[in-house]
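K.L.:
Sharing structure_9.txt (compact mmCIF, C-alpha atoms and all ligand atoms) below.
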```
# COMPACT_ATOMS: atom_id res chain seq x y z
CA MET A 850 -17.39 26.94 1.76
CA LYS A 851 -15.24 25.25 4.38
CA LYS A 852 -12.12 23.76 2.74
CA ILE A 853 -11.85 20.46 4.55
CA ILE A 854 -10.41 17.01 4.03
CA VAL A 855 -12.64 14.17 5.19
CA ALA A 856 -11.36 10.58 5.16
CA ILE A 857 -13.97 7.81 5.14
CA ASP A 858 -12.63 4.29 5.53
CA GLY A 859 -14.24 0.97 6.27
CA TYR A 860 -15.38 -2.34 4.95
CA ALA A 861 -16.93 -2.98 1.51
CA GLY A 862 -20.66 -2.34 1.41
CA THR A 863 -20.94 0.00 4.41
CA GLY A 864 -22.14 2.89 2.26
CA LYS A 865 -18.90 4.87 2.35
CA SER A 866 -19.34 6.22 -1.18
CA THR A 867 -22.98 7.20 -0.59
CA GLN A 868 -21.95 9.20 2.48
CA ALA A 869 -18.88 10.66 0.79
CA LYS A 870 -20.98 11.90 -2.14
CA SER A 871 -23.54 13.51 0.18
CA LEU A 872 -20.84 15.19 2.28
CA ALA A 873 -19.12 16.47 -0.88
CA LYS A 874 -22.41 17.99 -2.04
CA TYR A 875 -23.11 19.49 1.38
CA PHE A 876 -19.68 21.12 1.72
CA GLY A 877 -19.18 21.87 -2.01
CA CYS A 878 -16.07 19.66 -2.04
CA VAL A 879 -14.68 17.21 -4.58
CA TYR A 880 -15.53 13.54 -4.01
CA VAL A 881 -12.84 10.97 -4.75
CA ASP A 882 -13.68 7.27 -4.82
CA SER A 883 -10.25 5.72 -4.23
CA GLY A 884 -11.68 2.20 -4.65
CA ALA A 885 -12.61 3.12 -8.23
CA MET A 886 -8.93 3.91 -8.81
CA TYR A 887 -7.86 0.41 -7.68
CA ARG A 888 -10.65 -0.98 -9.86
CA ALA A 889 -9.46 1.09 -12.85
CA VAL A 890 -5.92 -0.29 -12.52
CA THR A 891 -7.35 -3.83 -12.23
CA TYR A 892 -9.44 -3.30 -15.35
CA PHE A 893 -6.40 -1.90 -17.19
CA GLY A 894 -4.40 -5.00 -16.21
CA GLN A 895 -7.15 -7.31 -17.45
CA GLN A 896 -7.21 -5.49 -20.80
CA GLN A 897 -3.48 -6.04 -21.28
CA THR A 898 -3.73 -9.80 -21.77
CA THR A 899 -5.78 -11.80 -24.25
CA ASP A 900 -7.33 -14.05 -21.57
CA GLY A 901 -8.08 -11.29 -19.04
CA SER A 902 -5.57 -12.58 -16.49
CA ILE A 903 -3.26 -10.01 -14.91
CA ASP A 904 0.46 -9.99 -15.65
CA ILE A 905 1.63 -8.17 -12.52
CA LYS A 906 5.07 -7.27 -13.83
CA LEU A 907 3.64 -5.91 -17.08
CA LEU A 908 1.02 -3.96 -15.12
CA ILE A 909 3.61 -2.41 -12.78
CA ASP A 910 5.78 -1.43 -15.76
CA SER A 911 2.75 0.15 -17.45
CA LEU A 912 1.64 2.31 -14.49
CA PRO A 913 3.05 5.52 -16.05
CA GLN A 914 0.64 4.99 -18.99
CA ILE A 915 -2.38 5.08 -16.69
CA SER A 916 -4.36 8.23 -16.16
CA ILE A 917 -7.52 8.21 -14.02
CA ASP A 918 -10.01 11.07 -13.91
CA PHE A 919 -13.39 11.68 -12.34
CA GLU A 920 -16.10 13.84 -13.82
CA LEU A 921 -19.38 14.85 -12.21
CA THR A 922 -22.18 14.57 -14.80
CA LYS A 923 -25.98 14.52 -14.67
CA ASN A 924 -25.66 10.73 -14.42
CA GLY A 925 -23.51 11.01 -11.30
CA GLN A 926 -19.76 10.77 -10.95
CA GLN A 927 -18.07 9.03 -13.88
CA THR A 928 -14.66 7.36 -13.83
CA PHE A 929 -12.34 7.65 -16.83
CA LEU A 930 -9.30 5.53 -17.59
CA ASN A 931 -7.17 7.20 -20.28
CA ASP A 932 -10.31 9.04 -21.46
CA GLU A 933 -12.46 5.87 -21.67
CA ASN A 934 -15.55 5.95 -19.47
CA ILE A 935 -15.18 2.79 -17.34
CA THR A 936 -17.74 3.65 -14.64
CA ASP A 937 -19.86 0.54 -15.19
CA LEU A 938 -17.09 -1.73 -16.45
CA ILE A 939 -15.21 -1.59 -13.13
CA ARG A 940 -18.26 -2.87 -11.19
CA GLN A 941 -18.28 -6.21 -13.03
CA SER A 942 -17.62 -9.35 -11.01
CA LYS A 943 -14.43 -10.09 -12.95
CA VAL A 944 -13.02 -6.82 -11.53
CA ASN A 945 -14.51 -7.47 -8.05
CA ASP A 946 -12.76 -10.83 -7.97
CA LYS A 947 -9.28 -9.48 -8.71
CA VAL A 948 -9.21 -5.97 -7.25
CA SER A 949 -7.99 -7.03 -3.79
CA ASP A 950 -5.03 -8.88 -5.38
CA VAL A 951 -4.11 -5.76 -7.32
CA ALA A 952 -4.62 -3.54 -4.25
CA SER A 953 -2.15 -5.66 -2.29
CA ILE A 954 0.79 -4.75 -4.56
CA HIS A 955 3.11 -2.16 -3.08
CA GLU A 956 4.05 -0.44 -6.38
CA ILE A 957 0.40 -0.02 -7.34
CA ARG A 958 -0.55 1.37 -3.93
CA SER A 959 2.24 3.90 -3.92
CA PHE A 960 1.39 4.97 -7.50
CA LEU A 961 -2.26 5.60 -6.52
CA VAL A 962 -1.52 7.08 -3.08
CA ASP A 963 0.68 9.74 -4.72
CA ILE A 964 -2.16 10.69 -7.09
CA GLN A 965 -4.65 10.74 -4.18
CA LYS A 966 -2.42 12.98 -2.06
CA GLU A 967 -2.10 15.35 -5.01
CA MET A 968 -5.91 15.44 -5.35
CA GLY A 969 -6.11 16.69 -1.76
CA SER A 970 -3.32 19.21 -2.03
CA SER A 971 -5.68 22.14 -2.45
CA LYS A 972 -8.05 20.72 0.22
CA GLY A 973 -11.81 20.55 -0.19
CA VAL A 974 -11.84 16.77 -0.69
CA ILE A 975 -13.96 13.95 0.65
CA MET A 976 -12.22 10.65 -0.10
CA ASP A 977 -13.38 7.14 0.72
CA GLY A 978 -11.35 3.95 0.77
CA ARG A 979 -9.39 1.71 3.12
CA ASP A 980 -6.25 3.67 3.99
CA ILE A 981 -7.37 7.27 3.61
CA GLY A 982 -7.21 8.21 7.30
CA THR A 983 -4.06 6.17 7.93
CA ILE A 984 -1.86 6.66 4.85
CA VAL A 985 -3.28 9.09 2.28
CA PHE A 986 -4.40 11.87 4.63
CA PRO A 987 -3.16 11.09 8.15
CA GLU A 988 -3.68 14.82 8.80
CA ALA A 989 -7.32 14.83 7.54
CA ASP A 990 -9.61 17.28 9.33
CA TYR A 991 -12.17 14.53 9.97
CA LYS A 992 -11.90 10.76 9.84
CA PHE A 993 -14.66 8.19 9.91
CA PHE A 994 -14.51 4.41 9.94
CA LEU A 995 -17.69 2.58 8.92
CA THR A 996 -18.48 -1.00 9.91
CA ALA A 997 -21.51 -3.30 9.60
CA SER A 998 -22.13 -7.03 9.77
CA PRO A 999 -21.10 -8.95 6.60
CA LYS A 1000 -24.68 -10.19 6.02
CA ILE A 1001 -26.14 -6.71 6.07
CA ARG A 1002 -23.40 -5.39 3.80
CA ALA A 1003 -23.93 -8.26 1.34
CA GLN A 1004 -27.68 -7.62 1.25
CA ARG A 1005 -27.10 -3.92 0.47
CA ARG A 1006 -24.48 -4.64 -2.22
CA TYR A 1007 -26.80 -7.27 -3.72
CA GLU A 1008 -29.65 -4.77 -4.00
CA GLU A 1009 -27.31 -2.19 -5.58
CA GLN A 1010 -26.06 -4.74 -8.13
CA GLN A 1011 -29.65 -5.74 -8.97
CA LYS A 1012 -30.54 -2.10 -9.67
CA LYS A 1013 -27.53 -1.84 -11.99
CA GLY A 1014 -28.68 -5.01 -13.78
CA ILE A 1015 -25.65 -7.02 -12.63
CA ILE A 1016 -26.67 -10.64 -12.16
CA GLU A 1017 -25.17 -12.13 -8.99
CA THR A 1018 -26.74 -14.19 -6.23
CA LEU A 1019 -26.78 -12.98 -2.61
CA GLU A 1020 -24.47 -15.91 -1.75
CA GLU A 1021 -21.96 -14.83 -4.41
CA VAL A 1022 -22.01 -11.24 -3.14
CA LEU A 1023 -21.52 -12.41 0.48
CA ALA A 1024 -18.65 -14.70 -0.55
CA ASN A 1025 -16.95 -11.86 -2.45
CA ILE A 1026 -17.40 -9.40 0.43
CA THR A 1027 -16.06 -11.87 3.00
CA ALA A 1028 -13.07 -12.76 0.82
CA ARG A 1029 -12.25 -9.10 0.16
CA ASP A 1030 -12.61 -8.20 3.88
CA HIS A 1031 -10.14 -10.91 4.73
CA GLN A 1032 -7.69 -9.98 1.99
CA ASP A 1033 -7.94 -6.22 2.63
CA SER A 1034 -7.45 -6.62 6.40
CA THR A 1035 -4.62 -9.14 6.28
CA ARG A 1036 -2.52 -7.83 3.38
CA ILE A 1037 1.05 -6.96 4.32
CA VAL A 1038 1.08 -3.54 2.66
CA THR A 1039 -1.05 -0.98 4.54
CA PRO A 1040 -3.98 -3.23 5.51
CA LEU A 1041 -7.46 -1.88 6.14
CA LYS A 1042 -7.44 -0.56 9.68
CA LYS A 1043 -9.11 2.15 11.65
CA ALA A 1044 -6.99 5.25 12.22
CA LYS A 1045 -6.58 5.84 15.97
CA ASP A 1046 -8.33 9.20 15.72
CA ALA A 1047 -11.18 8.04 13.41
CA ILE A 1048 -14.77 8.05 14.61
CA GLU A 1049 -16.16 4.54 14.24
CA ILE A 1050 -19.79 4.19 13.17
CA ASP A 1051 -21.53 0.81 13.09
CA VAL A 1052 -24.10 1.40 10.35
CA SER A 1053 -25.76 -2.05 10.62
CA TYR A 1054 -29.07 -0.72 11.89
CA MET A 1055 -28.84 2.90 10.79
CA SER A 1056 -30.49 4.51 7.78
CA ILE A 1057 -28.39 6.40 5.22
CA ASP A 1058 -29.76 9.69 6.60
CA ASP A 1059 -28.93 8.72 10.20
CA VAL A 1060 -25.32 8.01 9.28
CA PHE A 1061 -25.08 11.27 7.35
CA ASN A 1062 -26.47 13.21 10.32
CA VAL A 1063 -23.98 11.63 12.73
CA MET A 1064 -21.13 12.63 10.41
CA ILE A 1065 -22.38 16.17 9.92
CA GLU A 1066 -22.89 16.59 13.69
CA ASN A 1067 -19.32 15.47 14.32
CA ILE A 1068 -17.96 17.85 11.71
CA ILE A 1069 -20.02 20.85 12.72
CA GLU A 1070 -19.60 20.39 16.47
CA SER A 1071 -15.81 20.10 16.37
O1 LIG B 1101 -14.36 0.51 -2.20
P1 LIG B 1101 -14.31 -0.60 -3.27
O2 LIG B 1101 -15.05 -1.83 -2.89
O3 LIG B 1101 -14.68 -0.09 -4.62
O4 LIG B 1101 -12.75 -0.98 -3.33
C1 LIG B 1101 -12.26 -1.94 -4.23
C2 LIG B 1101 -11.04 -2.64 -3.64
O5 LIG B 1101 -9.95 -1.74 -3.61
C3 LIG B 1101 -11.23 -3.17 -2.24
O6 LIG B 1101 -11.25 -4.59 -2.25
C4 LIG B 1101 -10.03 -2.72 -1.47
C5 LIG B 1101 -9.24 -1.85 -2.39
N1 LIG B 1101 -9.00 -0.52 -1.85
C6 LIG B 1101 -7.85 -0.32 -1.15
O7 LIG B 1101 -7.10 -1.27 -0.90
N2 LIG B 1101 -7.53 0.92 -0.71
C7 LIG B 1101 -8.36 1.96 -0.95
N3 LIG B 1101 -8.02 3.18 -0.52
C8 LIG B 1101 -9.56 1.75 -1.66
C9 LIG B 1101 -9.86 0.50 -2.10
```
Could you rewrite the structure in this file as C-alpha cells?
Ligand code: DC
P.N.:
Amino acid sequence: MKKIIVAIDGYAGTGKSTQAKSLAKYFGCVYVDSGAMYRAVTYFGQQQTTDGSIDIKLLIDSLPQISIDFELTKNGQQTFLNDENITDLIRQSKVNDKVSDVASIHEIRSFLVDIQKEMGSSKGVIMDGRDIGTIVFPEADYKFFLTASPKIRAQRRYEEQQKKGIIETLEEVLANITARDHQDSTRIVTPLKKAKDAIEIDVSYMSIDDVFNVMIENIIES
C-alpha cells in the first residue's frame, strides 16, 4: 500500500467526506473527518451548560479533558468523544448552527490541528476539512479543493439529512450552508481557502464516481 497523505478541502456539502472515505478504502489508509472533530468540540461545549449555550472561556479551559477518536465499524466510521459515541449527535441542527462559531476560535483550532498533525505523522491518511492543505498538511502528497453551487450543495445535504431522519426543510439547509460558507471563508483565523497547489474540482454536475475517478487519475498519474 502506498503511504500517502491526501488533503481534501472545500465547501460544506461538496461530498468531501464521501470521496475521502472511498480514497481511504482504495489506498488502505485511515480516513479522518476533521469537521467531525470541530463538531465534537461544539457538542462538548453545549453539554457543559444547562441551556446548551457555549461558554467559550469554559470550553477553552476544558480542552485538555477532550479526547476524540474514530473507529471503523460495520455501520461506517463512528466518532467518539471521551468514549461516548456521538456520531449522530454531532449532525443535529443545534450543532450545525454553532460549529462555525466554535471553529473560528484560535485556541480550539490549534488544539485540533495539533491532534490532526499527529494523526498524519505515520502517513497513510486521507483527511477532509477546510484547512487541511493549507495548515494541517501543507506538505500533503496530494491536495484537492472541491466546490459546487450553494443550491446543489443544499439539495445534496437535504437528501442526506432526510435519509438520516433529520427533519429540516431545503430552505433551512440552504440558509445554514450559506451562513457557514460565509463564516468559514471570512473568519480571521485560517479561513477556508484553496491551497495554491491544490487541484480544484467543481463537482456541481459530476457524479460521485466521476469525482472519485478524477482524483484517482491525478494521484496515479503524478
Ligand atoms: O465538514 P463539516 O461540515 O462537518 O464541518 C463542520 C464545521 O467545521 C464547518 O462549518 C467548518 C469547520 N471546519 C473547519 O473550520 N476546519 C476544518 N478543518 C473542518 C471543519
K.L.:
Please, what distance in Å, to one decimal, runs between CA of Asn931 (chain A) and CA of Asp918 (chain A)?
P.N.:
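Separation between CA of Asn931 (chain A) and CA of Asp918 (chain A): 8.0 Å.
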K.L.:
What residues have any atom no more than 6 Å from ligand LIG 1101 (chain B) when counting only C-alpha atoms and all ligand atoms, and can you list them as a PyMOL selection string?
P.N.:
chain A and resi 861+883-885+887-888+948-949+952+978-981+1029+1033
K.L.:
Using only C-alpha atoms, I'd like a table of the residues in region 975-1006 of chain A that come within 12 Å of region 872-876 of chain A; for each, show the closest atom pair and its distance in Å rounded to one decimal, ordered by chain and ascending number, as JSON lines.
P.N.:
```
{"residue": "A:Ile975", "atom": "CA", "partner": "A:Ala873", "partner_atom": "CA", "distance": 5.9}
{"residue": "A:Met976", "atom": "CA", "partner": "A:Ala873", "partner_atom": "CA", "distance": 9.1}
{"residue": "A:Asp977", "atom": "CA", "partner": "A:Ala873", "partner_atom": "CA", "distance": 11.1}
{"residue": "A:Tyr991", "atom": "CA", "partner": "A:Leu872", "partner_atom": "CA", "distance": 11.6}
```
K.L.:
Can you pull out every residue within 10 Å of Val1063 (chain A), counting all atoms listed in the file, but drop anything in the same chain fewer than 5 positions away, and send it as a PDB file with C-alpha atoms, in the coordinates of the input?
P.N.:
```pdb
ATOM      1  CA  ILE A1050     -19.790   4.190  13.170  1.00  0.00           C
ATOM      2  CA  ASP A1058     -29.760   9.690   6.600  1.00  0.00           C
ATOM      3  CA  ILE A1068     -17.960  17.850  11.710  1.00  0.00           C
TER       4      ILE A1068
END
```
K.L.:
Tell me which of A:Ala1024, A:Ile1057, A:Ile903, A:Ile853 sits closest to Asp950 (chain A), counting all atoms listed in the file.
P.N.:
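Closest to Asp950 (chain A) of all the choices is A:Ile903.
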K.L.:
Rank nothing, just name the residue among A:Ile984, A:Ile964, A:Leu995, A:Leu1023 nearest to Tyr860 (chain A), using all atoms listed in the file.
P.N.:
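Looking at the shortest contact to Tyr860 (chain A), the residue is A:Leu995.
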K.L.:
Please return region 903-929 of chain A, rebuilt to N, CA, C and O atoms, as a tab-separated table (two decimals), keeping the file's coordinate frame.
P.N.:
```
chain	number	residue	atom	x	y	z
A	903	ILE	N	-4.09	-11.20	-15.12
A	903	ILE	CA	-3.26	-10.01	-14.91
A	903	ILE	C	-1.80	-10.41	-14.82
A	903	ILE	O	-1.42	-11.26	-14.01
A	904	ASP	N	-0.98	-9.79	-15.69
A	904	ASP	CA	0.46	-9.99	-15.65
A	904	ASP	C	1.00	-8.85	-14.78
A	904	ASP	O	1.12	-7.71	-15.21
A	905	ILE	N	1.29	-9.21	-13.51
A	905	ILE	CA	1.63	-8.17	-12.52
A	905	ILE	C	2.84	-7.34	-12.94
A	905	ILE	O	2.83	-6.12	-12.83
A	906	LYS	N	3.84	-8.02	-13.47
A	906	LYS	CA	5.07	-7.27	-13.83
A	906	LYS	C	4.76	-6.27	-14.95
A	906	LYS	O	5.14	-5.11	-14.89
A	907	LEU	N	4.01	-6.77	-15.95
A	907	LEU	CA	3.64	-5.91	-17.08
A	907	LEU	C	2.80	-4.73	-16.57
A	907	LEU	O	3.01	-3.57	-16.97
A	908	LEU	N	1.90	-5.03	-15.66
A	908	LEU	CA	1.02	-3.96	-15.12
A	908	LEU	C	1.85	-2.91	-14.37
A	908	LEU	O	1.67	-1.71	-14.57
A	909	ILE	N	2.77	-3.37	-13.54
A	909	ILE	CA	3.61	-2.41	-12.78
A	909	ILE	C	4.42	-1.55	-13.76
A	909	ILE	O	4.48	-0.33	-13.62
A	910	ASP	N	4.98	-2.19	-14.78
A	910	ASP	CA	5.78	-1.43	-15.76
A	910	ASP	C	4.92	-0.43	-16.53
A	910	ASP	O	5.42	0.58	-17.02
A	911	SER	N	3.62	-0.73	-16.64
A	911	SER	CA	2.75	0.15	-17.45
A	911	SER	C	2.09	1.26	-16.62
A	911	SER	O	1.34	2.07	-17.19
A	912	LEU	N	2.34	1.31	-15.32
A	912	LEU	CA	1.64	2.31	-14.49
A	912	LEU	C	1.77	3.74	-15.04
A	912	LEU	O	0.78	4.48	-15.04
A	913	PRO	N	2.96	4.13	-15.55
A	913	PRO	CA	3.05	5.52	-16.05
A	913	PRO	C	2.10	5.81	-17.22
A	913	PRO	O	1.83	6.98	-17.52
A	914	GLN	N	1.58	4.76	-17.86
A	914	GLN	CA	0.64	4.99	-18.99
A	914	GLN	C	-0.80	5.17	-18.51
A	914	GLN	O	-1.71	5.36	-19.31
A	915	ILE	N	-1.00	5.04	-17.20
A	915	ILE	CA	-2.38	5.08	-16.69
A	915	ILE	C	-2.74	6.47	-16.18
A	915	ILE	O	-2.03	7.05	-15.36
A	916	SER	N	-3.87	6.96	-16.70
A	916	SER	CA	-4.36	8.23	-16.16
A	916	SER	C	-5.83	8.04	-15.76
A	916	SER	O	-6.63	7.50	-16.54
A	917	ILE	N	-6.15	8.41	-14.54
A	917	ILE	CA	-7.52	8.21	-14.02
A	917	ILE	C	-8.13	9.56	-13.69
A	917	ILE	O	-7.50	10.38	-13.01
A	918	ASP	N	-9.34	9.79	-14.19
A	918	ASP	CA	-10.01	11.07	-13.91
A	918	ASP	C	-11.45	10.80	-13.49
A	918	ASP	O	-12.04	9.79	-13.88
A	919	PHE	N	-11.98	11.74	-12.73
A	919	PHE	CA	-13.39	11.68	-12.34
A	919	PHE	C	-14.09	12.91	-12.90
A	919	PHE	O	-13.51	13.99	-12.95
A	920	GLU	N	-15.33	12.71	-13.31
A	920	GLU	CA	-16.10	13.84	-13.82
A	920	GLU	C	-17.52	13.74	-13.27
A	920	GLU	O	-18.13	12.66	-13.33
A	921	LEU	N	-18.01	14.85	-12.74
A	921	LEU	CA	-19.38	14.85	-12.21
A	921	LEU	C	-20.33	15.22	-13.34
A	921	LEU	O	-20.21	16.30	-13.92
A	922	THR	N	-21.24	14.31	-13.70
A	922	THR	CA	-22.18	14.57	-14.80
A	922	THR	C	-23.60	14.45	-14.25
A	922	THR	O	-23.79	14.10	-13.09
A	923	LYS	N	-24.59	14.65	-15.14
A	923	LYS	CA	-25.98	14.52	-14.67
A	923	LYS	C	-26.30	13.07	-14.32
A	923	LYS	O	-27.25	12.79	-13.61
A	924	ASN	N	-25.48	12.14	-14.78
A	924	ASN	CA	-25.66	10.73	-14.42
A	924	ASN	C	-24.80	10.32	-13.22
A	924	ASN	O	-24.52	9.15	-13.01
A	925	GLY	N	-24.34	11.31	-12.46
A	925	GLY	CA	-23.51	11.01	-11.30
A	925	GLY	C	-22.04	11.06	-11.67
A	925	GLY	O	-21.67	11.42	-12.80
A	926	GLN	N	-21.20	10.68	-10.70
A	926	GLN	CA	-19.76	10.77	-10.95
A	926	GLN	C	-19.31	9.63	-11.87
A	926	GLN	O	-19.65	8.48	-11.66
A	927	GLN	N	-18.56	10.01	-12.90
A	927	GLN	CA	-18.07	9.03	-13.88
A	927	GLN	C	-16.56	8.87	-13.72
A	927	GLN	O	-15.85	9.84	-13.42
A	928	THR	N	-16.09	7.64	-13.94
A	928	THR	CA	-14.66	7.36	-13.83
A	928	THR	C	-14.09	7.13	-15.23
A	928	THR	O	-14.66	6.36	-16.01
A	929	PHE	N	-12.98	7.79	-15.53
A	929	PHE	CA	-12.34	7.65	-16.83
A	929	PHE	C	-10.93	7.08	-16.68
A	929	PHE	O	-10.18	7.50	-15.80
```
